[in-house]
Amino acid sequence: MDAPSFEFIASMPGIEICRASCSTHVFPRHFHDDLYSVGLMHRGACHCLGPGRDDATVRQGQACLINPGQVHAGGPARDGVFSYTMFYLSLDLVRSLAEDVSRRPQAAPEFTTLVSDRQDVCEPLRQLALSLDSADGLHTESFLVRALGNALRAHGGVSRDAGGHDRAFVGRAREMLAADLDRKVTLRDMASTLGVSQFHFLRAFKRQTGVPPHVFRTQRRVELARNLVRRGTPLSEVAQLAGFADQPHFTNTFKLYTGVTPGHYAARTAHAPSTSL
């Protein structure tokens with residue numbers, strides 16, 4: 001059996017993340033006054049209100065949704081071992097996202113269920129948990145907005161902004177994502193510039209293009225990198241000019257989309273005619 005471990009991550013303002021692996025820890029009954037606790041169970045099961053409350057037991061693949069001030073506990077069920085990722089979210093962050101989803105002022109939302117097995121809630125949380133090791137901040141931000149937006153719509157009484165003019169703003173978004181690839185962009189800033197909610201932006205962009213915004217921008221970076229390599233640009237400069245976080249990020253991403261490392265590609269294609277972006 002793997003050794004138990006707890007890892008705390010402060011990935012962005014208003015969020016603290018705990019990743020627990022093979023834990024046997026039993027938490028007493030407690031509450032968080034100004035934090036929402038949203039978690040996904042990767043392995044095993046956990047009693048959210050203590051043994052004997054099967055209706056409040058979160059199992060593998062399910063999510064738990066705990067409001068500020070809501071008393072809860074936490075202890076392993078079944079084989080006595082559980083692994084999970086828990087997101088502790090500030091009240092202001094969740095309220096702001098609820099307003100973003102609905103496009104109107106909101107009081108602090110309240111989740112109406114403690115345990116969810118809905119696919120549209122659990123799967124985005126799983127993707128968010130996997131994205132935490134990504135060097136691409138837009139990647140993690142996109143999954144956060146989608147995961148929490150879906151949870152608020154499904155169990156928080158927040159209705160979605162109907163939106164409109166999708167084709168026009170998605171065209172502008174494509175241009176923004178393809179420009180200044182060495183510069184950091186955020187989902188919040190793009191949505192604000194385009195005059196839409198972050199949540200609607202994500203859904204409309206993927207519906208129109210087939211990929212999320214962060215994937216579109218990554219693919220543009222790879223195409224720029226290919227052209228730079230073909231011109232003979234040193235690989236260390238290519239990584240920076242194309243906006244990759246560091247050399248390993250560049251190498252891994254380039255190979256993922258081309259099947260070869262930048263060095264191998266350079267050896268085969270250096271000084272060949274470049275293609276247009």
# chains A, B, ... in the order shown; residues from 1 in each chain; ligands from 1

call {"tool": "select_by_dssp", "arguments": {"residues": "region 78-271 of chain A", "states": "strand (DSSP E)", "output": "NGL selection string"}}
result
:A and (82-90 or 115-116)

call {"tool": "residues_around", "arguments": {"residues": "Thr113 (chain A)", "least_positions_apart": "3", "cutoff": "8 Å", "atoms": "only C-alpha atoms", "output": "list in words"}}
result
Leu65, Ser116 and His155 of chain A

call {"tool": "write_last_selection", "arguments": {"atoms": "C-alpha atoms", "output": "PDB file, in the first residue's frame"}}
result
ATOM      1  CA  LEU A  65     -20.487  20.119  -1.665  1.00  0.00           C
ATOM      2  CA  SER A 116     -23.461  14.487  -5.851  1.00  0.00           C
ATOM      3  CA  HIS A 155     -27.091  22.108  -6.908  1.00  0.00           C
TER       4      HIS A 155
END

call {"tool": "atom_distance", "arguments": {"atom1": "CA of Leu224 (chain A)", "atom2": "CA of Gly195 (chain A)"}}
result
28.5 Å

call {"tool": "residues_around", "arguments": {"residues": "His32 (chain A)", "least_positions_apart": "5", "cutoff": "10 Å", "atoms": "only C-alpha atoms", "output": "ChimeraX atom specification"}}
result
/A:37,66-72,88

call {"tool": "residues_around", "arguments": {"residues": "Tyr265 (chain A)", "least_positions_apart": "3", "cutoff": "10 Å", "atoms": "only C-alpha atoms", "output": "ChimeraX atom specification"}}
result
/A:226,229-230,254-255,258-262,268-270

call {"tool": "write_last_selection", "arguments": {"atoms": "all heavy atoms", "output": "CSV table (one decimal), in the first residue's frame"}}
result
chain,number,residue,atom,x,y,z
A,226,ARG,N,6.8,25.5,-34.2
A,226,ARG,CA,7.2,24.7,-35.4
A,226,ARG,C,7.8,25.6,-36.5
A,226,ARG,O,8.9,25.3,-37.0
A,226,ARG,CB,6.0,24.0,-36.1
A,226,ARG,CG,5.5,22.8,-35.3
A,226,ARG,CD,4.2,22.3,-35.8
A,226,ARG,NE,4.2,21.8,-37.1
A,226,ARG,CZ,3.9,20.5,-37.5
A,226,ARG,NH1,3.5,19.7,-36.5
A,226,ARG,NH2,4.0,20.2,-38.7
A,229,VAL,N,11.2,26.9,-35.3
A,229,VAL,CA,12.3,25.8,-35.4
A,229,VAL,C,12.7,25.6,-36.8
A,229,VAL,O,13.9,25.5,-37.1
A,229,VAL,CB,11.7,24.5,-34.8
A,229,VAL,CG1,12.7,23.4,-35.1
A,229,VAL,CG2,11.5,24.6,-33.3
A,230,ARG,N,11.7,25.7,-37.7
A,230,ARG,CA,12.1,25.5,-39.2
A,230,ARG,C,12.9,26.6,-39.7
A,230,ARG,O,13.7,26.5,-40.6
A,230,ARG,CB,10.8,25.5,-40.0
A,230,ARG,CG,9.9,24.2,-39.8
A,230,ARG,CD,8.5,24.3,-40.3
A,230,ARG,NE,8.5,24.3,-41.8
A,230,ARG,CZ,8.4,23.2,-42.5
A,230,ARG,NH1,8.3,22.0,-42.0
A,230,ARG,NH2,8.4,23.3,-43.8
A,254,PHE,N,5.3,20.1,-27.2
A,254,PHE,CA,5.6,19.9,-28.6
A,254,PHE,C,5.5,18.5,-29.0
A,254,PHE,O,4.9,18.1,-30.0
A,254,PHE,CB,7.0,20.5,-28.8
A,254,PHE,CG,7.4,20.6,-30.3
A,254,PHE,CD1,7.2,21.8,-30.9
A,254,PHE,CD2,7.9,19.6,-31.0
A,254,PHE,CE1,7.5,22.0,-32.3
A,254,PHE,CE2,8.3,19.7,-32.3
A,254,PHE,CZ,8.0,20.9,-33.0
A,255,LYS,N,6.1,17.6,-28.2
A,255,LYS,CA,6.0,16.2,-28.5
A,255,LYS,C,4.6,15.6,-28.5
A,255,LYS,O,4.2,14.8,-29.3
A,255,LYS,CB,6.9,15.4,-27.6
A,255,LYS,CG,7.0,13.9,-27.9
A,255,LYS,CD,8.0,13.1,-27.1
A,255,LYS,CE,8.1,11.7,-27.5
A,255,LYS,NZ,9.0,10.9,-26.7
A,258,THR,N,3.1,16.9,-31.9
A,258,THR,CA,3.8,16.5,-33.1
A,258,THR,C,4.3,15.1,-33.2
A,258,THR,O,4.6,14.6,-34.3
A,258,THR,CB,5.0,17.5,-33.4
A,258,THR,OG1,6.0,17.2,-32.4
A,258,THR,CG2,4.5,18.9,-33.3
A,259,GLY,N,4.4,14.5,-32.0
A,259,GLY,CA,5.0,13.1,-32.0
A,259,GLY,C,6.5,13.0,-31.9
A,259,GLY,O,7.0,11.9,-31.7
A,260,VAL,N,7.2,14.2,-32.0
A,260,VAL,CA,8.6,14.2,-31.9
A,260,VAL,C,9.1,15.3,-30.9
A,260,VAL,O,8.3,16.3,-30.7
A,260,VAL,CB,9.3,14.3,-33.2
A,260,VAL,CG1,9.0,13.2,-34.2
A,260,VAL,CG2,8.9,15.7,-33.9
A,261,THR,N,10.3,15.2,-30.4
A,261,THR,CA,10.8,16.3,-29.6
A,261,THR,C,11.2,17.5,-30.5
A,261,THR,O,11.4,17.3,-31.7
A,261,THR,CB,12.0,15.9,-28.8
A,261,THR,OG1,13.1,15.6,-29.8
A,261,THR,CG2,11.7,14.6,-28.0
A,262,PRO,N,11.3,18.7,-29.9
A,262,PRO,CA,11.8,19.9,-30.7
A,262,PRO,C,13.2,19.6,-31.3
A,262,PRO,O,13.4,20.0,-32.5
A,262,PRO,CB,11.8,21.0,-29.7
A,262,PRO,CG,10.8,20.6,-28.6
A,262,PRO,CD,10.9,19.1,-28.5
A,268,ARG,N,15.5,17.6,-38.5
A,268,ARG,CA,14.9,17.1,-39.8
A,268,ARG,C,14.4,18.3,-40.6
A,268,ARG,O,14.3,18.2,-41.9
A,268,ARG,CB,13.7,16.2,-39.5
A,268,ARG,CG,14.0,15.0,-38.7
A,268,ARG,CD,14.8,14.0,-39.6
A,268,ARG,NE,15.0,12.7,-38.9
A,268,ARG,CZ,15.6,11.7,-39.5
A,268,ARG,NH1,15.9,11.7,-40.8
A,268,ARG,NH2,15.8,10.6,-38.8
A,269,THR,N,14.1,19.4,-40.0
A,269,THR,CA,13.4,20.5,-40.8
A,269,THR,C,14.0,21.9,-40.7
A,269,THR,O,13.5,22.8,-41.3
A,269,THR,CB,11.9,20.6,-40.3
A,269,THR,OG1,12.0,21.1,-38.9
A,269,THR,CG2,11.2,19.3,-40.4
A,270,ALA,N,15.1,22.0,-40.0
A,270,ALA,CA,15.7,23.4,-39.8
A,270,ALA,C,15.9,24.0,-41.2
A,270,ALA,O,16.4,23.4,-42.1
A,270,ALA,CB,17.0,23.3,-39.1

call {"tool": "residues_around", "arguments": {"residues": "region 178-187 of chain A", "least_positions_apart": "2", "cutoff": "7 Å", "atoms": "only C-alpha atoms", "output": "list of chain:residue names"}}
result
A:Leu138, A:Glu141, A:Ser142, A:Arg174, A:Glu175, A:Met176, A:Asp189, A:Met190, A:Ala191, A:Gln198, A:Arg217, A:Arg220, A:Arg221, A:Gln240, A:Leu241, A:Ala242, A:Gly243

call {"tool": "write_last_selection", "arguments": {"atoms": "N, CA and C atoms", "output": "short mmCIF file (atom, residue, chain, number, x, y, z; two decimals), in the first residue's frame"}}
result
data_model
loop_
_atom_site.label_atom_id
_atom_site.label_comp_id
_atom_site.auth_asym_id
_atom_site.auth_seq_id
_atom_site.Cartn_x
_atom_site.Cartn_y
_atom_site.Cartn_z
N LEU A 138 -4.15 29.25 -17.69
CA LEU A 138 -5.43 29.33 -18.38
C LEU A 138 -6.12 27.97 -18.36
N GLU A 141 -7.59 27.57 -14.80
CA GLU A 141 -8.68 28.54 -14.63
C GLU A 141 -9.93 28.10 -15.39
N SER A 142 -9.74 27.58 -16.59
CA SER A 142 -10.88 27.14 -17.41
C SER A 142 -11.62 25.99 -16.73
N ARG A 174 -10.98 33.94 -30.78
CA ARG A 174 -9.94 33.22 -31.52
C ARG A 174 -8.77 34.15 -31.86
N GLU A 175 -9.10 35.36 -32.28
CA GLU A 175 -8.06 36.33 -32.61
C GLU A 175 -7.25 36.70 -31.37
N MET A 176 -7.93 36.90 -30.25
CA MET A 176 -7.23 37.25 -29.00
C MET A 176 -6.33 36.12 -28.53
N ASP A 189 -10.25 38.16 -17.81
CA ASP A 189 -10.00 39.35 -18.62
C ASP A 189 -10.59 39.22 -20.02
N MET A 190 -10.48 38.04 -20.61
CA MET A 190 -11.01 37.84 -21.96
C MET A 190 -12.54 37.97 -21.96
N ALA A 191 -13.18 37.32 -21.01
CA ALA A 191 -14.64 37.38 -20.94
C ALA A 191 -15.11 38.81 -20.72
N GLN A 198 -17.71 34.32 -17.97
CA GLN A 198 -16.65 33.31 -18.17
C GLN A 198 -17.27 31.95 -18.50
N ARG A 217 -5.21 27.89 -27.60
CA ARG A 217 -4.01 28.73 -27.47
C ARG A 217 -2.75 27.86 -27.47
N ARG A 220 -1.91 26.93 -31.00
CA ARG A 220 -1.30 28.06 -31.71
C ARG A 220 0.15 28.23 -31.30
N ARG A 221 0.45 27.99 -30.04
CA ARG A 221 1.84 28.07 -29.58
C ARG A 221 2.70 27.00 -30.25
N GLN A 240 10.60 30.49 -25.20
CA GLN A 240 10.20 31.79 -24.65
C GLN A 240 9.31 32.55 -25.62
N LEU A 241 9.69 32.58 -26.89
CA LEU A 241 8.92 33.34 -27.89
C LEU A 241 7.52 32.79 -28.08
N ALA A 242 7.38 31.47 -27.93
CA ALA A 242 6.08 30.84 -28.12
C ALA A 242 5.25 30.80 -26.83
N GLY A 243 5.80 31.29 -25.72
CA GLY A 243 5.03 31.44 -24.50
C GLY A 243 4.96 30.23 -23.61
#

call {"tool": "closest_residue", "arguments": {"among": "A:Leu91, A:Phe82, A:Glu123, A:His47", "to": "Asp33 (chain A)", "atoms": "only C-alpha atoms"}}
result
A:Leu91

call {"tool": "closest_residue", "arguments": {"among": "A:Ala147, A:Ala204, A:Val222, A:Cys18", "to": "Met86 (chain A)", "atoms": "only C-alpha atoms"}}
result
A:Cys18

call {"tool": "select_by_dssp", "arguments": {"residues": "region 110-265 of chain A", "states": "alpha helix (DSSP H)", "output": "JSON, numbers by chain"}}
result
{"A": [119, 120, 121, 122, 123, 124, 125, 126, 127, 128, 129, 130, 131, 137, 138, 139, 140, 141, 142, 143, 144, 145, 146, 147, 148, 149, 150, 151, 152, 153, 154, 155, 166, 167, 168, 169, 170, 171, 172, 173, 174, 175, 176, 177, 178, 187, 188, 189, 190, 191, 192, 193, 194, 198, 199, 200, 201, 202, 203, 204, 205, 206, 207, 208, 209, 213, 214, 215, 216, 217, 218, 219, 220, 221, 222, 223, 224, 225, 226, 227, 228, 229, 230, 235, 236, 237, 238, 239, 240, 241, 247, 248, 249, 250, 251, 252, 253, 254, 255, 256, 257, 258, 262, 263, 264, 265]}

call {"tool": "closest_residue", "arguments": {"among": "A:Ala154, A:Ala245, A:Val145, A:Leu93", "to": "Phe111 (chain A)", "atoms": "only C-alpha atoms"}}
result
A:Ala154

call {"tool": "closest_residue", "arguments": {"among": "A:Gly75, A:Pro124, A:Gly156, A:Gly171", "to": "Ala98 (chain A)", "atoms": "only C-alpha atoms"}}
result
A:Gly156
